[in-house]
Structures are given as structure tokens and as C-alpha cells.
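Raw query.cif, mmCIF, C-alpha atoms:
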data_model
loop_
_atom_site.label_atom_id
_atom_site.label_comp_id
_atom_site.auth_asym_id
_atom_site.auth_seq_id
_atom_site.Cartn_x
_atom_site.Cartn_y
_atom_site.Cartn_z
CA MET A 1 -9.10 -11.05 5.96
CA LYS A 2 -5.97 -9.48 7.47
CA LEU A 3 -4.19 -12.83 7.24
CA GLN A 4 -5.41 -13.29 3.68
CA ARG A 5 -4.10 -9.82 2.77
CA LYS A 6 -0.72 -10.60 4.33
CA ASN A 7 -0.54 -13.83 2.35
CA ARG A 8 -1.43 -12.00 -0.83
CA VAL A 9 1.26 -9.38 -0.29
CA ARG A 10 3.77 -12.14 0.43
CA ALA A 11 2.74 -13.91 -2.76
CA LEU A 12 3.22 -10.73 -4.74
CA ALA A 13 6.75 -10.34 -3.44
CA VAL A 14 7.65 -13.97 -4.17
CA GLY A 15 6.03 -13.78 -7.59
CA ALA A 16 8.13 -10.79 -8.54
CA LEU A 17 11.24 -12.92 -8.05
CA ALA A 18 9.86 -16.15 -9.41
CA VAL A 19 9.02 -15.14 -12.95
CA SER A 20 12.43 -14.78 -14.51
CA GLY A 21 13.19 -11.54 -12.80
CA ALA A 22 9.68 -10.24 -13.55
CA LEU A 23 10.00 -8.02 -16.55
CA ALA A 24 13.65 -7.09 -16.87
CA LEU A 25 13.03 -4.07 -19.03
CA THR A 26 14.67 -0.69 -19.19
CA ALA A 27 13.07 1.72 -16.77
CA CYS A 28 10.79 3.85 -18.92
CA GLY A 29 8.01 4.60 -16.46
CA SER A 30 7.01 4.96 -12.85
CA ASP A 31 4.05 4.95 -10.49
CA ASN A 32 4.95 8.49 -9.51
CA THR A 33 1.95 10.67 -10.37
CA SER A 34 3.39 13.98 -9.30
CA GLY A 35 3.89 14.73 -12.98
CA GLY A 36 6.21 17.10 -14.74
CA SER A 37 6.34 19.09 -17.91
CA GLY A 38 5.54 16.68 -20.69
CA GLY A 39 5.44 17.99 -24.20
CA SER A 40 6.22 16.49 -27.55
CA GLY A 41 9.70 15.02 -27.48
CA SER A 42 10.27 15.95 -23.82
CA SER A 43 11.32 13.64 -21.03
CA ALA A 44 9.51 13.88 -17.71
CA LYS A 45 12.11 13.37 -15.00
CA ALA A 46 9.65 12.77 -12.17
CA ALA A 47 8.26 9.65 -13.80
CA ASN A 48 11.17 8.86 -16.12
CA ILE A 49 8.68 8.64 -19.01
CA LYS A 50 9.69 9.83 -22.46
CA CYS A 51 6.73 11.88 -23.68
CA GLU A 52 6.04 11.97 -27.41
CA GLY A 53 3.08 13.44 -29.24
CA LYS A 54 0.27 15.71 -28.11
CA GLY A 55 -3.50 15.71 -28.08
CA LYS A 56 -6.02 12.97 -27.32
CA LEU A 57 -5.27 9.25 -27.75
CA LEU A 58 -8.42 7.15 -28.01
CA ALA A 59 -8.45 3.45 -27.08
CA SER A 60 -11.00 0.91 -25.88
CA GLY A 61 -11.54 -2.75 -25.13
CA SER A 62 -10.87 -5.18 -22.30
CA SER A 63 -12.55 -4.37 -19.01
CA ALA A 64 -10.03 -6.74 -17.40
CA GLN A 65 -7.49 -4.03 -18.15
CA LYS A 66 -9.52 -1.25 -16.58
CA ASN A 67 -7.76 -1.27 -13.20
CA ALA A 68 -4.40 -1.47 -14.96
CA MET A 69 -5.31 1.30 -17.39
CA ASP A 70 -6.51 3.54 -14.58
CA VAL A 71 -3.04 3.42 -13.03
CA TRP A 72 -1.14 3.62 -16.32
CA VAL A 73 -3.19 6.56 -17.60
CA GLN A 74 -2.92 8.45 -14.31
CA ASN A 75 0.85 8.02 -14.19
CA TYR A 76 1.42 8.80 -17.86
CA SER A 77 -0.88 11.82 -17.89
CA GLY A 78 0.82 13.18 -14.77
CA ALA A 79 4.13 13.14 -16.59
CA CYS A 80 2.98 13.94 -20.12
CA GLN A 81 0.49 16.72 -19.63
CA GLY A 82 0.32 17.48 -23.34
CA THR A 83 -1.29 14.10 -24.06
CA GLU A 84 -4.69 12.86 -22.94
CA ILE A 85 -5.25 9.08 -22.90
CA ASN A 86 -8.92 8.13 -23.15
CA TYR A 87 -9.46 4.38 -22.62
CA GLN A 88 -13.00 3.04 -22.53
CA PRO A 89 -13.52 -0.48 -21.00
CA THR A 90 -16.14 -1.57 -23.55
CA GLY A 91 -15.10 -5.24 -23.57
CA SER A 92 -12.56 -7.05 -25.73
CA GLY A 93 -14.95 -7.77 -28.60
CA ALA A 94 -16.15 -4.20 -28.90
CA GLY A 95 -12.62 -2.85 -28.55
CA VAL A 96 -11.27 -4.96 -31.42
CA THR A 97 -14.23 -4.02 -33.62
CA THR A 98 -13.75 -0.31 -32.93
CA PHE A 99 -10.02 -0.54 -33.64
CA LEU A 100 -10.56 -2.37 -36.94
CA GLN A 101 -12.96 0.39 -37.93
CA GLY A 102 -10.12 2.89 -37.49
CA GLN A 103 -11.75 4.74 -34.60
CA THR A 104 -9.03 4.13 -31.99
CA ALA A 105 -5.24 4.16 -31.84
CA PHE A 106 -5.08 0.76 -30.16
CA ALA A 107 -7.36 -1.79 -28.52
CA GLY A 108 -7.18 -3.83 -25.33
CA SER A 109 -8.11 -7.50 -25.58
CA ASP A 110 -7.87 -10.56 -23.35
CA SER A 111 -7.84 -12.80 -26.41
CA ALA A 112 -5.46 -12.80 -29.34
CA LEU A 113 -6.75 -11.70 -32.74
CA LYS A 114 -8.48 -14.30 -34.89
CA PRO A 115 -7.09 -15.02 -38.38
CA GLU A 116 -10.03 -13.26 -40.02
CA GLU A 117 -9.46 -10.20 -37.83
CA ILE A 118 -5.81 -10.05 -38.87
CA THR A 119 -6.84 -10.31 -42.51
CA LYS A 120 -9.33 -7.47 -42.05
CA SER A 121 -6.69 -5.35 -40.29
CA LYS A 122 -4.52 -5.21 -43.41
CA THR A 123 -6.97 -2.72 -44.88
CA LEU A 124 -6.47 -0.46 -41.87
CA CYS A 125 -2.75 -1.05 -41.34
CA LYS A 126 -1.36 0.00 -44.71
CA GLY A 127 1.63 -2.18 -45.55
CA GLY A 128 1.27 -4.18 -42.34
CA GLN A 129 -1.24 -5.86 -40.03
CA ALA A 130 -2.62 -5.68 -36.51
CA ILE A 131 -0.47 -7.44 -33.92
CA ASP A 132 -0.96 -8.71 -30.37
CA LEU A 133 1.31 -7.16 -27.74
CA PRO A 134 1.02 -8.94 -24.37
CA MET A 135 1.28 -6.36 -21.61
CA VAL A 136 0.40 -8.08 -18.36
CA GLY A 137 -1.06 -11.36 -17.18
CA GLY A 138 -3.07 -12.46 -14.24
CA PRO A 139 -5.42 -14.97 -12.72
CA ILE A 140 -9.11 -15.08 -13.50
CA ALA A 141 -10.50 -15.51 -10.02
CA VAL A 142 -13.70 -17.43 -9.36
CA GLY A 143 -15.37 -15.30 -6.71
CA TYR A 144 -18.23 -16.49 -4.55
CA ASN A 145 -20.66 -15.39 -1.86
CA VAL A 146 -21.68 -18.35 0.29
CA PRO A 147 -22.55 -17.50 3.90
CA GLY A 148 -20.41 -19.42 6.39
CA VAL A 149 -17.93 -20.66 3.78
CA ASP A 150 -14.58 -18.87 3.55
CA ASN A 151 -12.43 -21.67 2.10
CA LEU A 152 -13.94 -23.27 -1.00
CA VAL A 153 -12.32 -25.79 -3.36
CA LEU A 154 -13.73 -26.63 -6.79
CA ASP A 155 -12.40 -28.40 -9.88
CA ALA A 156 -13.00 -27.95 -13.60
CA PRO A 157 -15.77 -30.59 -13.99
CA THR A 158 -17.69 -29.14 -11.04
CA LEU A 159 -17.27 -25.56 -12.26
CA ALA A 160 -18.42 -26.59 -15.73
CA LYS A 161 -21.59 -28.11 -14.30
CA ILE A 162 -22.23 -25.11 -12.05
CA PHE A 163 -21.96 -22.65 -14.94
CA ASP A 164 -24.04 -24.90 -17.21
CA SER A 165 -26.88 -25.20 -14.67
CA GLN A 166 -26.29 -28.91 -13.99
CA ILE A 167 -25.29 -28.29 -10.36
CA THR A 168 -27.75 -25.82 -8.85
CA ASN A 169 -27.35 -25.98 -5.06
CA TRP A 170 -24.38 -25.30 -2.81
CA ASN A 171 -24.82 -28.52 -0.81
CA ASP A 172 -24.60 -30.68 -3.95
CA ALA A 173 -22.74 -33.96 -3.45
CA ALA A 174 -19.98 -33.00 -5.92
CA ILE A 175 -19.19 -29.81 -3.98
CA LYS A 176 -19.35 -31.66 -0.65
CA LYS A 177 -16.83 -34.22 -1.89
CA LEU A 178 -14.32 -31.46 -2.67
CA ASN A 179 -14.99 -29.69 0.65
CA PRO A 180 -15.44 -32.39 3.32
CA GLY A 181 -14.92 -30.00 6.23
CA ALA A 182 -17.09 -27.14 5.02
CA LYS A 183 -20.60 -26.34 6.25
CA LEU A 184 -22.22 -25.95 2.87
CA PRO A 185 -25.70 -24.39 3.12
CA ASP A 186 -28.87 -25.55 1.41
CA LEU A 187 -28.74 -22.52 -0.86
CA LYS A 188 -29.44 -22.02 -4.55
CA ILE A 189 -26.41 -21.24 -6.71
CA GLN A 190 -26.63 -17.90 -8.52
CA ALA A 191 -24.13 -18.19 -11.39
CA PHE A 192 -23.30 -14.93 -13.15
CA HIS A 193 -21.62 -14.60 -16.54
CA ARG A 194 -20.68 -11.70 -18.80
CA SER A 195 -23.41 -10.21 -21.01
CA ASP A 196 -20.89 -8.54 -23.32
CA ASP A 197 -18.40 -10.19 -25.66
CA SER A 198 -15.47 -10.74 -23.36
CA GLY A 199 -11.91 -12.01 -23.55
CA THR A 200 -12.28 -13.03 -19.90
CA THR A 201 -15.19 -15.26 -20.92
CA ASP A 202 -13.06 -16.62 -23.77
CA ASN A 203 -10.22 -17.58 -21.41
CA PHE A 204 -12.55 -18.94 -18.73
CA THR A 205 -14.42 -21.18 -21.18
CA LYS A 206 -11.14 -22.33 -22.74
CA TYR A 207 -10.18 -23.52 -19.27
CA LEU A 208 -13.53 -25.30 -18.80
CA LYS A 209 -13.20 -26.97 -22.21
CA ALA A 210 -9.58 -28.02 -21.71
CA ALA A 211 -9.72 -29.22 -18.11
CA SER A 212 -13.25 -30.49 -17.42
CA GLY A 213 -12.93 -33.87 -19.09
CA GLY A 214 -15.88 -33.25 -21.38
CA ALA A 215 -18.21 -31.72 -18.79
CA TRP A 216 -18.24 -28.41 -20.69
CA LYS A 217 -20.09 -29.09 -23.94
CA HIS A 218 -19.86 -25.65 -25.51
CA GLU A 219 -17.18 -24.13 -27.71
CA PRO A 220 -15.02 -21.47 -26.02
CA GLY A 221 -15.47 -17.90 -27.17
CA LYS A 222 -15.99 -14.29 -26.17
CA LYS A 223 -19.77 -14.77 -26.24
CA TRP A 224 -21.26 -16.78 -23.38
CA GLU A 225 -22.70 -20.11 -24.55
CA GLY A 226 -23.52 -21.79 -21.24
CA THR A 227 -27.03 -22.80 -20.19
CA GLY A 228 -28.99 -20.62 -17.77
CA GLY A 229 -27.38 -18.34 -15.23
CA GLN A 230 -27.63 -14.57 -15.02
CA ALA A 231 -25.73 -11.92 -16.96
CA ALA A 232 -24.05 -8.63 -16.10
CA SER A 233 -21.89 -6.25 -18.09
CA GLY A 234 -18.15 -6.12 -17.62
CA SER A 235 -15.93 -7.49 -14.88
CA ALA A 236 -17.18 -4.70 -12.63
CA GLY A 237 -20.76 -5.82 -13.23
CA VAL A 238 -20.34 -9.52 -12.45
CA SER A 239 -18.10 -8.90 -9.43
CA SER A 240 -20.63 -6.42 -8.05
CA GLN A 241 -23.39 -9.01 -8.40
CA VAL A 242 -21.33 -11.58 -6.50
CA LYS A 243 -20.62 -9.14 -3.69
CA GLN A 244 -24.30 -8.29 -3.18
CA THR A 245 -26.02 -11.63 -3.98
CA SER A 246 -26.14 -14.50 -1.51
CA GLY A 247 -25.26 -17.78 -3.22
CA ALA A 248 -23.54 -16.06 -6.15
CA ILE A 249 -20.49 -17.19 -8.09
CA SER A 250 -18.75 -15.69 -11.12
CA TYR A 251 -15.40 -15.22 -12.84
CA PHE A 252 -13.39 -11.99 -13.04
CA GLU A 253 -9.85 -10.74 -12.74
CA LEU A 254 -8.19 -11.00 -9.33
CA SER A 255 -7.98 -7.22 -9.10
CA TYR A 256 -11.77 -7.06 -8.80
CA ALA A 257 -11.78 -9.68 -6.05
CA THR A 258 -9.01 -7.80 -4.25
CA SER A 259 -10.69 -4.40 -4.43
CA GLY A 260 -14.13 -5.84 -3.61
CA LYS A 261 -12.84 -8.11 -0.80
CA ILE A 262 -14.53 -11.09 -2.44
CA PRO A 263 -13.35 -14.60 -1.43
CA THR A 264 -12.03 -16.73 -4.27
CA VAL A 265 -12.15 -20.44 -5.08
CA LYS A 266 -9.08 -22.66 -4.83
CA ILE A 267 -8.79 -24.93 -7.86
CA ASN A 268 -8.18 -28.66 -7.62
CA THR A 269 -6.03 -29.26 -10.70
CA GLY A 270 -4.77 -32.71 -9.81
CA ALA A 271 -1.65 -31.27 -8.20
CA LYS A 272 -0.78 -32.20 -4.61
CA ALA A 273 -2.75 -29.28 -3.19
CA PRO A 274 -5.56 -27.03 -4.46
CA VAL A 275 -4.16 -23.87 -6.07
CA GLU A 276 -5.15 -20.39 -4.96
CA ALA A 277 -5.69 -17.48 -7.34
CA THR A 278 -2.55 -15.43 -6.68
CA VAL A 279 -0.13 -13.45 -8.81
CA ASP A 280 2.66 -15.92 -8.08
CA ASN A 281 0.57 -18.96 -9.02
CA ALA A 282 -0.68 -17.31 -12.21
CA SER A 283 2.90 -16.44 -13.18
CA THR A 284 3.85 -20.10 -12.76
CA ALA A 285 1.12 -21.09 -15.20
CA ILE A 286 1.87 -18.29 -17.68
CA SER A 287 5.50 -19.39 -17.82
CA GLU A 288 4.27 -22.50 -19.70
CA ALA A 289 2.79 -20.36 -22.52
CA LYS A 290 3.93 -21.07 -26.08
CA PRO A 291 4.31 -18.58 -28.96
CA ALA A 292 1.24 -18.52 -31.19
CA GLY A 293 1.61 -15.30 -33.18
CA GLN A 294 0.63 -14.91 -36.82
CA GLY A 295 3.46 -12.94 -38.39
CA THR A 296 6.93 -11.86 -37.31
CA ASN A 297 5.80 -9.12 -34.95
CA ASP A 298 2.68 -10.79 -33.55
CA LEU A 299 3.44 -11.90 -29.97
CA ALA A 300 0.24 -13.85 -29.19
CA LEU A 301 0.61 -16.67 -26.65
CA LYS A 302 -1.05 -20.06 -26.19
CA LEU A 303 -1.74 -20.85 -22.53
CA ASN A 304 -1.88 -24.31 -20.97
CA TYR A 305 -5.29 -24.27 -19.24
CA ALA A 306 -5.03 -27.93 -18.26
CA THR A 307 -1.76 -27.58 -16.35
CA LYS A 308 -1.26 -29.82 -13.34
CA ALA A 309 2.07 -28.31 -12.33
CA GLU A 310 2.50 -27.71 -8.63
CA GLY A 311 1.47 -24.20 -7.67
CA ALA A 312 0.22 -23.31 -11.18
CA TYR A 313 -3.15 -21.57 -11.18
CA PRO A 314 -4.78 -22.69 -14.45
CA ILE A 315 -7.44 -20.01 -15.07
CA THR A 316 -5.23 -17.23 -16.36
CA LEU A 317 -5.27 -14.65 -19.08
CA VAL A 318 -2.71 -12.57 -20.86
CA THR A 319 -4.13 -9.21 -21.76
CA TYR A 320 -2.95 -7.63 -25.00
CA GLU A 321 -2.72 -4.22 -26.57
CA ILE A 322 -3.51 -4.44 -30.27
CA ALA A 323 -1.94 -2.00 -32.71
CA CYS A 324 -0.74 -1.87 -36.31
CA ASP A 325 2.87 -2.95 -36.80
CA LYS A 326 2.94 -0.65 -39.86
CA GLY A 327 0.50 1.94 -41.13
CA ASN A 328 -0.39 3.61 -37.83
CA LYS A 329 -1.86 7.11 -38.19
CA ALA A 330 0.85 9.75 -38.18
CA GLU A 331 -1.03 11.95 -35.72
CA THR A 332 -1.32 9.20 -33.08
CA LEU A 333 1.82 7.10 -33.64
CA PRO A 334 4.25 9.08 -31.41
CA ALA A 335 1.92 9.07 -28.39
CA THR A 336 0.95 5.43 -28.98
CA LYS A 337 4.59 4.32 -28.93
CA SER A 338 5.37 6.51 -25.94
CA PHE A 339 2.43 5.21 -23.90
CA LEU A 340 2.98 1.53 -24.82
CA THR A 341 6.68 1.93 -24.03
CA TYR A 342 5.75 3.09 -20.55
CA VAL A 343 3.14 0.39 -19.85
CA SER A 344 5.49 -2.37 -21.03
CA SER A 345 8.37 -1.05 -18.92
CA LYS A 346 9.40 -2.45 -15.56
CA ASP A 347 8.06 0.63 -13.79
CA GLY A 348 4.75 0.37 -15.63
CA GLN A 349 4.40 -3.27 -14.68
CA ASP A 350 5.55 -2.85 -11.09
CA ALA A 351 2.85 -0.25 -10.50
CA LEU A 352 0.22 -3.00 -10.93
CA LYS A 353 1.45 -5.76 -8.64
CA ALA A 354 -0.66 -4.75 -5.66
CA LEU A 355 -3.77 -4.83 -7.88
CA GLY A 356 -3.45 -8.55 -8.55
CA TYR A 357 -1.85 -8.57 -12.01
CA ALA A 358 1.01 -10.94 -12.83
CA PRO A 359 4.21 -9.78 -14.55
CA LEU A 360 5.16 -11.50 -17.79
CA PRO A 361 8.31 -13.64 -18.11
CA THR A 362 11.40 -11.65 -18.99
CA GLU A 363 11.87 -13.09 -22.47
CA ILE A 364 8.30 -12.16 -23.46
CA ALA A 365 8.54 -8.66 -22.01
CA ASP A 366 11.82 -8.05 -23.85
CA LYS A 367 10.15 -8.93 -27.16
CA VAL A 368 7.24 -6.60 -26.42
CA ARG A 369 9.56 -3.68 -25.72
CA LYS A 370 11.56 -4.27 -28.90
CA THR A 371 8.42 -4.64 -31.00
CA VAL A 372 6.83 -1.42 -29.66
CA ALA A 373 9.99 0.43 -30.69
CA THR A 374 9.50 -0.72 -34.32
CA LEU A 375 5.87 0.40 -34.71
CA SER A 376 5.57 2.70 -37.71
#

For the structure just supplied, provide its representation as C-alpha cells.
Amino acid sequence: MKLQRKNRVRALAVGALAVSGALALTACGSDNTSGGSGGSGSSAKAANIKCEGKGKLLASGSSAQKNAMDVWVQNYSGACQGTEINYQPTGSGAGVTTFLQGQTAFAGSDSALKPEEITKSKTLCKGGQAIDLPMVGGPIAVGYNVPGVDNLVLDAPTLAKIFDSQITNWNDAAIKKLNPGAKLPDLKIQAFHRSDDSGTTDNFTKYLKAASGGAWKHEPGKKWEGTGGQAASGSAGVSSQVKQTSGAISYFELSYATSGKIPTVKINTGAKAPVEATVDNASTAISEAKPAGQGTNDLALKLNYATKAEGAYPITLVTYEIACDKGNKAETLPATKSFLTYVSSKDGQDALKALGYAPLPTEIADKVRKTVATLS
């Protein structure tokens, strides 16, 4: 584990250099939590965060963002003591629904808004619409608990069959073929999936659909459609089940594998070597993303889940903050812009590297910063 940790730290350092300078933004935030006097319109020197607005800012959504939000909120609140940020990790689906009902200032989601959601948002966002603001990316790790196995390789067709209850034992011939040197036990596979509507599920099933060569028969989406398996709520729930259940496997953000010390699967993509779930490898894959936004200010991205590029980890997500481009509530707009300015800044992003999140390419991060500044 010590060697694995060293390799992960090394990957983080390389990744920071590899992705176009890793978020070349103006320094608007910091991981310094010592705080300062933050009132409306004040600038907190300790964290270099410009504090705007006062009171409570409500937000909810992606549980994949929870570990990121915990750091962001702690740092921002330490600097801007006049503003309380309350983010609830209810899941991407619930977060978008709550936002569209006008109950929160912004939502976190691991999937971009659907066309019908954007149409609905125009009622809320007077004179505008809801937009997707990518804030940070990262690998969706496939964590496992198989006694005696600490180096496991799987591919998309095999994963699709595991999560659709077609492969049910760890010594199955398909798994043996991918792991000729491993001592795979005669042990039942316990596959866990999310019980809540989840952007992580959406991205994971998009990967299975795109890369499994037809082995995954279901349509991708936030709601789990696979056959069989067991369910748990949130990334924290499924990762906890893997940690405590012999024979378990599930999908969750790398930060949960890191904090829970859960081994992760290397993915055979067809590249020269199986690809590990690391920040650097996720950044390589995210750099292939194409613009897919609906509207001038919508910065949604389309990921290439079937990538075979060397060192590109294919099961990735870009996690968004969703806000109105126009028509935000006057009482929450200043704090919303201030907070999103911090989290999209270089300091805000750098605070997350050790948690297993991947910085966005410079050109994307620049657009996010400029767009946040125009929110009205």
C-alpha cells in the first residue's frame, strides 16, 4: 500500500503538468482554512478569496462531489465567515430536480442537463436558462474486495457481464484469461450499484455501452437498469459495501477508493498496457472531450468512453455545477458567483488533487471562469 500511495502521489504530480498546465486560472482561492474577515464585498487575504454576499447558500446534488465540496466549503467558509454554504449530497438526479424547483442556488451533477431539463429551466431562469459549468473531472474507479488478489485487470465486456449477472464467480474463465497470474478464488461476485439516481451511474453505464461491444444491453442513464446485483445509496454507500463485503465490486469516484484504501481494477482498453485509475490517466482521457453545450454559455462536454489511447483511463466523469446564466435570485447571486469563482480557480482545484480528482484542461477552465463572471 505504501508503494501504491507513492505511485499515486507521483501520478498526481505528473498529471498536474500533463493537462495543459492544469487549470491556468487567476488565483482566486486557496486551501488555507485559517480564515479571515469575510463580509459582503470584502476580500479575505488569508485565502485570497473575494467574498460577496451574506447568509446561507443552499445547494445539493452529486455525491461524487461530496469530498470536493467538503474541502471547498471549509476553505470558503473560513475566509468568508458571513456566508454559510450548505451542500447536500443527495445525488445528481435529486439535485437537478431540487434546483429546477427553485429550492437551491445551484446544483451539482455528474451528467449534463437533458434538453427537456433546459427547457424547464427557462421558467426558473427568467430571460435565460440553466447551464452546465464543469468544475473538476476524475476517474470512476472500479473497486473490489477479493481476498488474495491485489492486482486485477478487467475489460468492458467482462465488466458488463459482471454487472448484468452473467458472470457470477471470481474464478470465471473470462476473468482468468485477463489475469493469468492471479490466484482467483472460487468466490461469488457481489456486485453493488447505486440505488439513487446518479450521474456516476450514468457515466459508468455510458462506458459499458460504448466500449463493451454489445455486451451491455441496457440504455445508459442515472437510474440503474442492470440485472440483479445489490444496491446502496450514494458513492459512500457502495464503497462502504465493497470495503466490508468479501467478493464485492462496485464503481465510485477515485476519492472514495483513496480514502477507504480500496484496491481498484486496471482496465484493458486495447492499449499496449492495462490502464490504472489515476488522476493523470483520467486527465489524458478528459482531454479528448468535445463541446456539447446547448446554448452559448452552456459548457457541457462529451467524453470518449471508448478511447484506446495509451495511458487514457476510459471510465471518467466531469462533474458540473448547474446554475442560471440569467435570472438568478438577487439574494443569492453574489455569493453564488463568489463561491463558484473560488472553486473554479487554480487554488480551488489544486486543493483537491490529493483526493483523486483530475484538473480540467486549461482551455475549458478558462471558459468556466469567464462564464461564472457573467452570471446575472

inquiry  = Selection in question (the file shown): the PyMOL selection byres ((chain A and resi 144) around 6). Which residues does it include, as a list of chain:residue names?
reply    =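 When the PyMOL selection byres ((chain A and resi 144) around 6) is applied to the shown file, the picked residues are A:Gly143, A:Asn145, A:Ala248, A:Ile249.
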
message = Restricting the calculation to all atoms listed in the file: of A:Ile364, A:Ala130, A:Ala156, A:Val149, which residue gets closest to A:Ala182?
response =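 Ranked by minimum distance to A:Ala182, first place goes to A:Val149.
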
inquiry  = Considering only C-alpha atoms, can you say which of A:Lys126, A:Lys370, A:Lys66, A:Lys266 comes closest to A:Tyr313?
reply    =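 The shortest atom-to-atom distance to A:Tyr313 comes from A:Lys266.
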
task = Neighbourhood query: residues within 12 Å of (-9.3, -9.6, -4.1), file coordinates, counting all atoms listed in the file; return as number ranges by chain.
result = A: 1, 4-5, 7-9, 139-144, 239, 243, 252-265, 276-279, 354-357

key: Best match for closeness to A:Met69 among A:Ser283, A:Thr332, A:Thr319, A:Thr374, counting all atoms listed in the file   =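 Closest to A:Met69 of all the choices is A:Thr319.
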
key: Counting only C-alpha atoms, the option among A:Ala64, A:Leu58, A:Ala160, A:Ile131 closest to A:Thr296   =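 Of all the options, A:Ile131 lies closest to A:Thr296.
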
task = Find, counting all atoms listed in the file, the residue in A:Thr158, A:Thr97, A:Thr336, A:Thr362 that gets nearest to A:Gly61.
result = A:Thr97

Tell me which residues the PyMOL selection byres ((chain A and resi 90) around 7) grabs here, as a compact mmCIF listing (two decimals) with C-alpha atoms, in the coordinates of the input.
# COMPACT_ATOMS: atom_id res chain seq x y z
CA SER A 60 -11.00 0.91 -25.88
CA GLY A 61 -11.54 -2.75 -25.13
CA SER A 62 -10.87 -5.18 -22.30
CA SER A 63 -12.55 -4.37 -19.01
CA GLN A 88 -13.00 3.04 -22.53
CA PRO A 89 -13.52 -0.48 -21.00
CA GLY A 91 -15.10 -5.24 -23.57
CA SER A 92 -12.56 -7.05 -25.73
CA ALA A 94 -16.15 -4.20 -28.90
CA GLY A 95 -12.62 -2.85 -28.55

query = Could you spell out the hits of the PyMOL selection byres ((chain A and resi 153) around 10) on the shown file, as a VMD selection string?
reply = chain A and resid 151 to 152 154 to 155 158 175 to 180 182 264 to 268 274 to 276

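For the atom pair formed by atom CA of A:Leu340 and atom CA of A:Glu321, the distance is 8.3 Å, given to one decimal.
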